[in-house]
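Coordinates from entry-v1.tsv are shown below (TSV, C-alpha atoms).
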```
chain	number	residue	atom	x	y	z
A	1	GLU	CA	21.41	-6.74	-7.90
A	2	GLU	CA	24.10	-4.41	-9.27
A	3	LEU	CA	22.63	-1.71	-7.01
A	4	GLY	CA	23.19	-3.90	-3.98
A	5	TYR	CA	19.71	-5.35	-3.51
A	6	SER	CA	20.93	-8.90	-3.07
A	7	HIS	CA	18.21	-10.04	-0.68
A	8	ARG	CA	14.84	-10.59	-2.32
A	9	LEU	CA	11.39	-11.88	-1.48
A	10	ILE	CA	9.19	-12.30	-4.56
A	11	HIS	CA	5.61	-13.47	-4.26
A	12	GLY	CA	3.62	-13.32	-7.49
A	13	GLN	CA	1.42	-14.93	-10.08
A	14	LYS	CA	2.65	-15.15	-13.65
A	15	ALA	CA	0.96	-12.60	-15.97
A	16	TYR	CA	-1.28	-11.41	-13.17
A	17	HIS	CA	0.00	-9.57	-10.08
A	18	GLY	CA	2.29	-9.90	-7.12
A	19	VAL	CA	4.33	-8.25	-4.41
A	20	ALA	CA	8.07	-8.21	-3.83
A	21	ILE	CA	10.62	-6.83	-1.38
A	22	LEU	CA	14.26	-6.12	-2.27
A	23	SER	CA	16.91	-5.41	0.34
A	24	ARG	CA	20.56	-4.58	0.82
A	25	LEU	CA	20.22	-5.94	4.34
A	26	PRO	CA	19.81	-9.61	5.21
A	27	PHE	CA	16.32	-10.59	6.26
A	28	VAL	CA	15.78	-11.78	9.80
A	29	ARG	CA	12.52	-13.26	8.53
A	30	ALA	CA	10.96	-13.26	5.08
A	31	GLU	CA	7.55	-14.77	4.41
A	32	PRO	CA	4.77	-14.64	1.86
A	33	ARG	CA	1.33	-14.96	3.39
A	34	HIS	CA	-1.99	-16.10	1.92
A	35	TRP	CA	-5.40	-14.76	2.82
A	36	CYS	CA	-9.05	-15.82	2.59
A	37	GLY	CA	-8.07	-19.38	1.72
A	38	LYS	CA	-6.62	-18.25	-1.61
A	39	THR	CA	-3.09	-18.44	-3.00
A	40	ASP	CA	-3.22	-15.20	-4.95
A	41	SER	CA	0.06	-13.49	-3.97
A	42	ARG	CA	-1.21	-10.41	-2.16
A	43	HIS	CA	1.09	-10.10	0.87
A	44	ALA	CA	4.79	-10.45	1.57
A	45	TRP	CA	6.64	-9.31	4.65
A	46	VAL	CA	10.17	-9.18	5.99
A	47	SER	CA	12.00	-8.04	9.08
A	48	VAL	CA	15.44	-6.45	9.21
A	49	LYS	CA	17.66	-5.61	12.16
A	50	ALA	CA	18.12	-1.95	13.10
A	51	LYS	CA	21.28	-0.46	14.58
A	52	ASP	CA	19.81	-0.70	18.08
A	53	GLY	CA	19.53	-4.46	17.63
A	54	LYS	CA	15.74	-4.41	17.35
A	55	THR	CA	13.82	-5.41	14.24
A	56	VAL	CA	11.66	-3.41	11.86
A	57	GLU	CA	9.01	-5.23	9.84
A	58	LEU	CA	7.94	-4.22	6.34
A	59	HIS	CA	4.58	-5.50	5.05
A	60	ASN	CA	3.68	-5.12	1.38
A	61	PHE	CA	-0.01	-5.63	0.47
A	62	TYR	CA	-2.13	-5.71	-2.65
A	63	VAL	CA	-5.75	-5.73	-1.44
A	64	PRO	CA	-8.37	-6.99	-3.92
A	65	ALA	CA	-10.05	-4.17	-5.84
A	66	GLY	CA	-13.52	-5.59	-5.34
A	67	GLY	CA	-15.12	-5.50	-8.77
A	68	ASP	CA	-17.78	-3.00	-9.78
A	69	ILE	CA	-20.84	-3.73	-7.61
A	70	PRO	CA	-20.50	-2.61	-3.96
A	71	ASP	CA	-22.67	-5.42	-2.58
A	72	PRO	CA	-21.10	-8.60	-1.14
A	73	ASP	CA	-24.31	-10.56	-1.79
A	74	GLN	CA	-24.26	-9.72	-5.50
A	75	ASN	CA	-20.52	-9.53	-6.06
A	76	ASP	CA	-18.08	-12.21	-4.89
A	77	LYS	CA	-15.12	-9.93	-5.59
A	78	PHE	CA	-16.48	-7.30	-3.23
A	79	ALA	CA	-17.14	-9.95	-0.58
A	80	HIS	CA	-13.54	-11.14	-1.00
A	81	LYS	CA	-12.24	-7.60	-0.51
A	82	LEU	CA	-14.18	-7.07	2.73
A	83	GLN	CA	-13.12	-10.47	4.05
A	84	PHE	CA	-9.48	-9.73	3.17
A	85	VAL	CA	-9.43	-6.45	5.13
A	86	ALA	CA	-11.25	-8.09	8.05
A	87	GLU	CA	-8.64	-10.87	8.16
A	88	MET	CA	-5.85	-8.28	8.06
A	89	THR	CA	-7.43	-6.52	11.05
A	90	TYR	CA	-7.69	-9.74	13.04
A	91	TRP	CA	-4.17	-10.94	12.16
A	92	PHE	CA	-2.39	-7.73	13.11
A	93	ALA	CA	-4.33	-7.72	16.40
A	94	THR	CA	-2.79	-11.10	17.28
A	95	LEU	CA	0.80	-9.85	16.89
A	96	GLN	CA	3.00	-8.50	19.63
A	97	LYS	CA	3.68	-4.79	19.72
A	98	GLY	CA	6.46	-3.86	17.30
A	99	ARG	CA	7.97	-1.46	14.80
A	100	ARG	CA	6.14	-2.02	11.53
A	101	ILE	CA	5.69	-0.38	8.16
A	102	LEU	CA	2.70	-1.22	6.00
A	103	VAL	CA	2.83	-0.17	2.37
A	104	GLY	CA	0.72	-1.10	-0.59
A	105	ASP	CA	-2.24	-0.79	-2.84
A	106	LEU	CA	-5.08	-1.07	-0.33
A	107	ASN	CA	-7.64	-0.18	-3.00
A	108	ILE	CA	-9.62	2.02	-0.60
A	109	ALA	CA	-9.66	5.81	-0.52
A	110	PRO	CA	-10.84	6.57	3.03
A	111	LEU	CA	-11.04	10.37	3.18
A	112	ALA	CA	-13.20	12.80	1.24
A	113	SER	CA	-9.95	14.48	0.18
A	114	ASP	CA	-8.64	11.14	-1.15
A	115	VAL	CA	-11.06	11.21	-4.10
A	116	TRP	CA	-11.90	13.73	-6.78
A	117	SER	CA	-15.58	13.80	-5.74
A	118	HIS	CA	-16.72	12.44	-2.40
A	119	LYS	CA	-20.40	12.77	-3.28
A	120	GLN	CA	-20.16	11.10	-6.69
A	121	LEU	CA	-18.01	8.20	-5.47
A	122	LEU	CA	-19.94	7.20	-2.36
A	123	LYS	CA	-21.52	4.33	-4.30
A	124	VAL	CA	-18.40	3.50	-6.30
A	125	VAL	CA	-16.16	0.63	-5.16
A	126	SER	CA	-13.07	1.98	-3.36
A	127	HIS	CA	-14.87	4.80	-1.52
A	128	THR	CA	-18.09	3.26	-0.23
A	129	PRO	CA	-18.91	3.66	3.47
A	130	VAL	CA	-18.61	-0.07	4.14
A	131	GLU	CA	-15.07	-0.18	2.70
A	132	VAL	CA	-14.01	2.95	4.54
A	133	ALA	CA	-15.37	1.53	7.80
A	134	ALA	CA	-13.42	-1.70	7.23
A	135	LEU	CA	-10.20	0.23	6.62
A	136	ASP	CA	-10.85	2.41	9.67
A	137	ARG	CA	-11.11	-0.72	11.82
A	138	LEU	CA	-7.80	-1.97	10.43
A	139	MET	CA	-6.11	1.37	11.04
A	140	ALA	CA	-7.49	1.67	14.56
A	141	GLY	CA	-5.46	-1.32	15.73
A	142	GLN	CA	-6.38	-3.79	18.44
A	143	GLY	CA	-4.78	-5.72	21.24
A	144	ALA	CA	-1.11	-4.88	21.80
A	145	ASN	CA	-0.99	-2.86	18.59
A	146	PRO	CA	-2.23	0.74	18.81
A	147	GLN	CA	-3.48	2.78	15.89
A	148	TRP	CA	-1.44	2.87	12.68
A	149	ILE	CA	-0.06	6.24	11.61
A	150	ASP	CA	-0.95	7.42	8.08
A	151	ALA	CA	2.60	8.56	7.33
A	152	VAL	CA	1.84	10.63	4.25
A	153	ARG	CA	-1.05	12.47	5.90
A	154	GLU	CA	1.29	13.47	8.72
A	155	PHE	CA	2.74	15.98	6.26
A	156	ILE	CA	0.03	16.48	3.65
A	157	PRO	CA	-3.01	17.33	5.79
A	158	PRO	CA	-6.39	15.68	5.27
A	159	THR	CA	-7.76	19.02	4.10
A	160	GLU	CA	-5.66	18.76	0.90
A	161	GLN	CA	-6.64	16.63	-2.08
A	162	LEU	CA	-4.14	13.81	-2.68
A	163	TYR	CA	-4.32	11.02	-5.25
A	164	SER	CA	-2.15	8.04	-6.20
A	165	TRP	CA	-4.30	6.39	-8.90
A	166	TRP	CA	-5.97	7.53	-12.12
A	167	SER	CA	-7.95	5.29	-14.40
A	168	TYR	CA	-6.14	3.93	-17.44
A	169	ARG	CA	-9.32	4.79	-19.35
A	170	ASN	CA	-8.48	8.48	-18.97
A	171	ARG	CA	-6.65	9.00	-22.27
A	172	THR	CA	-6.12	12.71	-21.62
A	173	TRP	CA	-4.47	12.30	-18.23
A	174	PRO	CA	-4.35	14.28	-16.06
A	175	GLY	CA	-7.34	15.89	-17.77
A	176	SER	CA	-9.75	16.88	-15.01
A	177	ASP	CA	-7.53	15.12	-12.44
A	178	ARG	CA	-10.14	12.56	-11.37
A	179	GLY	CA	-7.89	10.57	-9.10
A	180	ARG	CA	-8.11	8.54	-5.91
A	181	ARG	CA	-5.63	7.79	-3.14
A	182	LEU	CA	-5.74	4.00	-3.09
A	183	ASP	CA	-2.09	3.47	-2.13
A	184	HIS	CA	-0.90	3.99	1.40
A	185	VAL	CA	2.11	4.06	3.70
A	186	TRP	CA	1.47	3.45	7.40
A	187	VAL	CA	3.81	3.04	10.35
A	188	THR	CA	3.28	1.98	13.94
A	189	PRO	CA	3.67	4.70	16.61
A	190	PRO	CA	7.27	3.82	17.59
A	191	LEU	CA	8.36	4.88	14.09
A	192	LYS	CA	6.42	8.15	14.03
A	193	PRO	CA	9.33	10.24	15.43
A	194	ARG	CA	11.49	9.00	12.54
A	195	LEU	CA	9.23	10.46	9.85
A	196	ALA	CA	10.74	13.49	8.16
A	197	GLY	CA	8.50	14.54	5.29
A	198	ALA	CA	6.28	13.64	2.37
A	199	SER	CA	5.61	15.02	-1.09
A	200	ALA	CA	3.46	14.19	-4.06
A	201	LEU	CA	5.18	14.15	-7.46
A	202	VAL	CA	3.16	14.18	-10.66
A	203	SER	CA	4.67	14.06	-14.14
A	204	ALA	CA	3.27	13.57	-17.62
A	205	ALA	CA	6.63	13.68	-19.36
A	206	ALA	CA	6.27	10.27	-20.99
A	207	ALA	CA	3.55	8.06	-19.63
A	208	PRO	CA	1.42	9.64	-16.90
A	209	ALA	CA	3.06	8.88	-13.57
A	210	ALA	CA	2.82	9.92	-9.99
A	211	ALA	CA	4.72	9.15	-6.84
A	212	VAL	CA	4.32	9.82	-3.17
A	213	SER	CA	7.62	9.77	-1.33
A	214	LEU	CA	8.28	9.79	2.37
A	215	ALA	CA	11.69	10.44	3.84
A	216	GLY	CA	13.08	9.75	7.26
A	217	CYS	CA	12.98	6.41	9.01
A	218	SER	CA	16.45	6.17	10.51
A	219	ALA	CA	15.73	3.16	12.69
A	220	SER	CA	18.32	1.33	10.67
A	221	PRO	CA	21.80	-0.23	10.82
A	222	THR	CA	23.20	2.37	8.44
A	223	PRO	CA	21.93	5.84	7.47
A	224	GLY	CA	18.66	5.03	5.77
A	225	ALA	CA	18.03	1.34	6.14
A	226	VAL	CA	14.43	0.95	5.18
A	227	ARG	CA	12.99	1.91	1.81
A	228	THR	CA	9.65	1.07	0.35
A	229	GLY	CA	8.48	1.50	-3.20
A	230	VAL	CA	5.76	0.23	-5.47
A	231	ALA	CA	6.05	-0.59	-9.15
A	232	SER	CA	3.06	-0.39	-11.48
A	233	THR	CA	0.49	-0.22	-8.77
A	234	GLY	CA	0.96	2.03	-5.84
A	235	ALA	CA	1.79	5.16	-3.98
A	236	ALA	CA	5.27	5.25	-2.59
A	237	ALA	CA	7.29	5.82	0.47
A	238	ARG	CA	10.95	6.35	0.99
A	239	LEU	CA	11.81	5.92	4.63
A	240	SER	CA	15.17	7.70	4.62
A	241	PRO	CA	17.91	6.98	2.04
A	242	ALA	CA	17.33	3.32	2.31
A	243	SER	CA	18.21	-0.25	1.83
A	244	VAL	CA	14.90	-2.11	1.62
A	245	SER	CA	12.38	-1.75	-1.19
A	246	ALA	CA	8.89	-3.15	-1.59
A	247	ALA	CA	7.38	-3.49	-5.03
A	248	GLN	CA	4.01	-4.49	-6.39
A	249	SER	CA	3.14	-5.51	-9.89
A	250	SER	CA	-0.34	-5.59	-11.32
A	251	GLY	CA	0.59	-7.79	-14.29
A	252	SER	CA	-1.89	-7.65	-17.13
A	253	ASP	CA	-4.34	-5.27	-15.49
A	254	GLY	CA	-3.69	-2.37	-17.84
A	255	ALA	CA	-0.83	-0.64	-16.04
A	256	ALA	CA	1.71	1.18	-18.10
A	257	PRO	CA	5.23	-0.28	-17.89
A	258	GLY	CA	8.31	1.33	-16.44
A	259	SER	CA	7.16	2.49	-13.03
A	260	VAL	CA	9.74	3.83	-10.60
A	261	VAL	CA	11.17	1.40	-8.07
A	262	ARG	CA	13.70	1.90	-5.24
A	263	ALA	CA	13.92	5.64	-4.53
A	264	THR	CA	10.23	6.34	-4.91
A	265	GLN	CA	7.06	4.52	-5.73
A	266	GLY	CA	5.85	4.81	-9.26
A	267	VAL	CA	2.15	5.09	-9.84
A	268	LYS	CA	0.75	4.39	-13.29
A	269	PRO	CA	-2.80	4.65	-14.56
A	270	ARG	CA	-4.13	1.13	-14.31
A	271	ALA	CA	-7.17	-1.05	-14.17
A	272	ARG	CA	-8.14	-2.37	-10.75
A	273	ARG	CA	-8.80	-6.00	-9.84
```
For this file, produce the structure as C-alpha cells.
Amino acid sequence: EELGYSHRLIHGQKAYHGVAILSRLPFVRAEPRHWCGKTDSRHAWVSVKAKDGKTVELHNFYVPAGGDIPDPDQNDKFAHKLQFVAEMTYWFATLQKGRRILVGDLNIAPLASDVWSHKQLLKVVSHTPVEVAALDRLMAGQGANPQWIDAVREFIPPTEQLYSWWSYRNRTWPGSDRGRRLDHVWVTPPLKPRLAGASALVSAAAAPAAAVSLAGCSASPTPGAVRTGVASTGAAARLSPASVSAAQSSGSDGAAPGSVVRATQGVKPRARR
C-alpha cells in the first residue's frame, strides 16, 4: 500500500494457492470467478478505465496442473484441467469484444520451443497433444472475440527456446536448463499496437529465479496504467510503467519464497498442482 497499490482483489485458499490483483487505479469491476463447480481460487479479474474513457480488463488465471497421468479416464486431476480450459474457451466466447489482458500460470507449454525436449515431453503432462490442442482452441477465440495475441512471442520468436518454470526437484538449477514455458501473457488484438518489447531474465544470485517482462501498454489514464506480475508461480508481463499488478501464489506447493511482484513477474522453481 505504501507504493500506492490501494485497490486490491485477493482470491485465495489458505496454505494452498490463489490469485490477486493490486492497483493504483480504482476498479470499474472486480470479481473472482469459480470454474468446474469448484471454489478453488483460480481466476480473478478486474477492469480499469483508460484515458480514452474505455475499459481494459485484466484476467489472472492459475490453471490446474493436471497431475502425472495424461489420461482423463485414469486421472481426475487431468480431467479437471481439460474441463477448466474448455470452460475458459466457452466463457470468453460469450463476452463482447473488448480490450483484455490474460496473464497467468496456464500450466501448458504449447510450442516445441516452450520445452527443453519436445520429443521426450510429448507424453508428459503440460505438453501432451490433447492439452496443446485445448490451449490452441482457447487462443483461437470464438464469437465476437478474435484470436488472442501471445504477447511475449511477438518479440521472442517461436524459433527460440523460452522457459518460465523449472522443477523444484532440480537442485543444481539451472543445470541442464530443463525448463518449460507454462506461464503466459496474452492480449486481445486492440492492444497489440501498444506492445513495445519483451525479455527473459534469468538469475541464480540467491534462489533460482526467472522473469519474463513485457513493456508497453499505454492504453491507460496515466503513462503506464496496466501492470501484470506473478509471484511464486508465473512468467511475467509489464505492460508499460504501470499501475495494476496481478499476482499468483502457489502456497505450499514447493515454491521458493520472495518472488518478484509489481515491476516484473518472478518465477521460482516449484511443484505443480
For this session: Choose the residue, out of A:Lys81, A:Arg169, A:Arg33, A:Lys192, that has the smallest atom-to-atom separation from A:His59; count only C-alpha atoms.
Result: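 Among the listed residues, A:Arg33 lies closest to A:His59.
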Determine, counting only C-alpha atoms, which protein, DNA and RNA residues have an atom within 8 Å of an atom of A:Thr188; residues of the same chain fewer than 2 positions away are not included. Present the result as a JSON list (two decimals) with C-alpha atoms, in the coordinates of the input.
```json
[["chain", "number", "residue", "atom", "x", "y", "z"],
["A", 98, "GLY", "CA", 6.46, -3.86, 17.30],
["A", 99, "ARG", "CA", 7.97, -1.46, 14.80],
["A", 100, "ARG", "CA", 6.14, -2.02, 11.53],
["A", 101, "ILE", "CA", 5.69, -0.38, 8.16],
["A", 145, "ASN", "CA", -0.99, -2.86, 18.59],
["A", 146, "PRO", "CA", -2.23, 0.74, 18.81],
["A", 147, "GLN", "CA", -3.48, 2.78, 15.89],
["A", 148, "TRP", "CA", -1.44, 2.87, 12.68],
["A", 149, "ILE", "CA", -0.06, 6.24, 11.61],
["A", 186, "TRP", "CA", 1.47, 3.45, 7.40],
["A", 190, "PRO", "CA", 7.27, 3.82, 17.59],
["A", 191, "LEU", "CA", 8.36, 4.88, 14.09],
["A", 192, "LYS", "CA", 6.42, 8.15, 14.03]]
```
Exercise. With only C-alpha atoms as the atoms that count, which of A:Asp150, A:Glu57, A:Asp114, A:Asp52 lies nearest to A:Ile21?
Worked result: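 Using only C-alpha atoms, A:Ile21 sits closest to A:Glu57.
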Per residue of stretch 28-98 of chain A within 10 Å of stretch 4-11 of chain A, which atom pair is closest and at what distance in Å (one decimal), using all atoms listed in the file, listed by chain and increasing number, as a Markdown table?
```
| residue | atom | partner | partner_atom | distance |
| --- | --- | --- | --- | --- |
| A:Ala30 | CA | A:Leu9 | CA | 6.7 |
| A:Glu31 | CA | A:Leu9 | CA | 7.6 |
| A:Pro32 | CA | A:His11 | CA | 6.3 |
| A:Arg33 | CA | A:His11 | CA | 8.9 |
| A:Asp40 | CA | A:His11 | CA | 9.0 |
| A:Ser41 | CA | A:His11 | CA | 5.6 |
| A:Arg42 | CA | A:His11 | CA | 7.8 |
| A:His43 | CA | A:His11 | CA | 7.6 |
| A:Ala44 | CA | A:His11 | CA | 6.6 |
| A:Trp45 | CA | A:Leu9 | CA | 8.2 |
| A:Val46 | CA | A:Leu9 | CA | 8.0 |
```
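Minimum distance to A:Leu22 across A:Ser47, A:Ser126, A:Gln96, A:Ser113 (counting all atoms listed in the file) occurs at A:Ser47.
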Exercise. With only C-alpha atoms as the atoms that count, which of A:Ala200, A:Ala109, A:Ala50, A:Leu135 lies nearest to A:Leu182?
Worked result: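 Among the listed residues, the smallest separation from A:Leu182 belongs to A:Ala109.
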Problem set entry | Among the residues A:Trp91, A:Thr55, A:Val48, A:Asp68, the one that comes closest to A:Cys36 [using only C-alpha atoms] | A:Trp91
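One finds atom CA of A:Asp177 at 29.3 Å from atom CA of A:His80.
Checking A:Pro157, A:Gly197, A:Gly141, A:Gly53 one by one against A:Tyr90, counting all atoms listed in the file, you find the shortest gap at A:Gly141.
The shell of residues at most 8 Å from A:Asp136, with all atoms listed in the file counted and near chain neighbours (fewer than 4 positions) removed, consists of Pro110, Val132 and Ala140 of chain A.
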Problem set entry | Within 12 Å of file point (-8.3, -9.1, 12.7), counting all atoms listed in the file, expressed as a count of residues only | 25
Problem set entry | Spatial neighbours of A:Leu122, 12 Å, only C-alpha atoms, chain gap at least 4 places, as a list in words |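 The contact residues come out as Pro70, Ile108, Ala109, Pro110, Leu111, Ala112, Val115, Trp116, Ser117, His118, Ser126, His127, Thr128, Pro129, Val130, Glu131 and Val132 of chain A.
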Exercise. What gap, in Å, lies between atom CA of A:Gly175 and atom CA of A:Glu160?
Worked result: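 Taking atom CA of A:Gly175 as the start and atom CA of A:Glu160 as the end point, the length is 19.0 Å.
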Pull N, CA, C and O atoms for stretch 119-141 of chain A from the block and write them as a tab-separated table (two decimals), in the first residue's frame.
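Saved result, result.tsv, follows:
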```
chain	number	residue	atom	x	y	z
A	119	LYS	N	10.28	-34.01	-27.96
A	119	LYS	CA	10.09	-35.45	-28.12
A	119	LYS	C	9.90	-36.16	-26.79
A	119	LYS	O	9.00	-36.99	-26.63
A	120	GLN	N	10.72	-35.82	-25.80
A	120	GLN	CA	10.67	-36.51	-24.51
A	120	GLN	C	9.46	-36.11	-23.67
A	120	GLN	O	9.07	-36.84	-22.75
A	121	LEU	N	8.87	-34.95	-23.96
A	121	LEU	CA	7.77	-34.46	-23.12
A	121	LEU	C	6.39	-34.63	-23.77
A	121	LEU	O	5.39	-34.20	-23.18
A	122	LEU	N	6.31	-35.26	-24.91
A	122	LEU	CA	5.03	-35.43	-25.58
A	122	LEU	C	4.03	-36.24	-24.75
A	122	LEU	O	2.81	-36.09	-24.93
A	123	LYS	N	4.53	-37.09	-23.87
A	123	LYS	CA	3.65	-37.88	-23.02
A	123	LYS	C	3.70	-37.43	-21.56
A	123	LYS	O	3.24	-38.15	-20.67
A	124	VAL	N	4.23	-36.24	-21.35
A	124	VAL	CA	4.34	-35.68	-20.00
A	124	VAL	C	3.31	-34.55	-19.85
A	124	VAL	O	3.21	-33.66	-20.71
A	125	VAL	N	2.55	-34.59	-18.77
A	125	VAL	CA	1.52	-33.57	-18.54
A	125	VAL	C	2.14	-32.18	-18.60
A	125	VAL	O	3.17	-31.92	-17.98
A	126	SER	N	1.51	-31.32	-19.36
A	126	SER	CA	1.86	-29.93	-19.65
A	126	SER	C	2.23	-29.74	-21.11
A	126	SER	O	2.17	-28.62	-21.62
A	127	HIS	N	2.59	-30.84	-21.82
A	127	HIS	CA	2.99	-30.69	-23.21
A	127	HIS	C	2.36	-31.77	-24.10
A	127	HIS	O	2.79	-31.97	-25.23
A	128	THR	N	1.36	-32.46	-23.60
A	128	THR	CA	0.74	-33.51	-24.39
A	128	THR	C	-0.11	-32.91	-25.51
A	128	THR	O	-0.61	-31.78	-25.39
A	129	PRO	N	-0.29	-33.62	-26.61
A	129	PRO	CA	-1.09	-33.07	-27.72
A	129	PRO	C	-2.50	-32.66	-27.32
A	129	PRO	O	-3.01	-31.65	-27.83
A	130	VAL	N	-3.14	-33.40	-26.42
A	130	VAL	CA	-4.51	-33.04	-26.05
A	130	VAL	C	-4.55	-31.72	-25.28
A	130	VAL	O	-5.47	-30.90	-25.47
A	131	GLU	N	-3.55	-31.46	-24.45
A	131	GLU	CA	-3.50	-30.18	-23.73
A	131	GLU	C	-3.20	-29.03	-24.68
A	131	GLU	O	-3.81	-27.95	-24.59
A	132	VAL	N	-2.25	-29.25	-25.57
A	132	VAL	CA	-1.88	-28.21	-26.53
A	132	VAL	C	-3.07	-27.87	-27.42
A	132	VAL	O	-3.34	-26.69	-27.70
A	133	ALA	N	-3.81	-28.89	-27.85
A	133	ALA	CA	-5.00	-28.64	-28.67
A	133	ALA	C	-6.04	-27.83	-27.90
A	133	ALA	O	-6.69	-26.93	-28.46
A	134	ALA	N	-6.21	-28.14	-26.62
A	134	ALA	CA	-7.17	-27.39	-25.80
A	134	ALA	C	-6.76	-25.93	-25.67
A	134	ALA	O	-7.60	-25.01	-25.77
A	135	LEU	N	-5.47	-25.69	-25.46
A	135	LEU	CA	-4.99	-24.31	-25.34
A	135	LEU	C	-5.09	-23.59	-26.69
A	135	LEU	O	-5.41	-22.39	-26.73
A	136	ASP	N	-4.83	-24.30	-27.77
A	136	ASP	CA	-4.97	-23.69	-29.10
A	136	ASP	C	-6.41	-23.24	-29.35
A	136	ASP	O	-6.64	-22.18	-29.94
A	137	ARG	N	-7.37	-24.05	-28.90
A	137	ARG	CA	-8.78	-23.65	-29.08
A	137	ARG	C	-9.09	-22.40	-28.27
A	137	ARG	O	-9.83	-21.52	-28.73
A	138	LEU	N	-8.56	-22.33	-27.06
A	138	LEU	CA	-8.76	-21.13	-26.24
A	138	LEU	C	-8.14	-19.91	-26.91
A	138	LEU	O	-8.77	-18.85	-27.00
A	139	MET	N	-6.93	-20.06	-27.41
A	139	MET	CA	-6.22	-18.93	-28.00
A	139	MET	C	-6.86	-18.48	-29.32
A	139	MET	O	-6.80	-17.30	-29.67
A	140	ALA	N	-7.50	-19.41	-30.02
A	140	ALA	CA	-8.07	-19.08	-31.32
A	140	ALA	C	-9.24	-18.11	-31.21
A	140	ALA	O	-9.53	-17.37	-32.15
A	141	GLY	N	-9.90	-18.09	-30.06
A	141	GLY	CA	-11.03	-17.18	-29.87
A	141	GLY	C	-12.26	-17.66	-30.64
A	141	GLY	O	-12.17	-18.46	-31.57
```
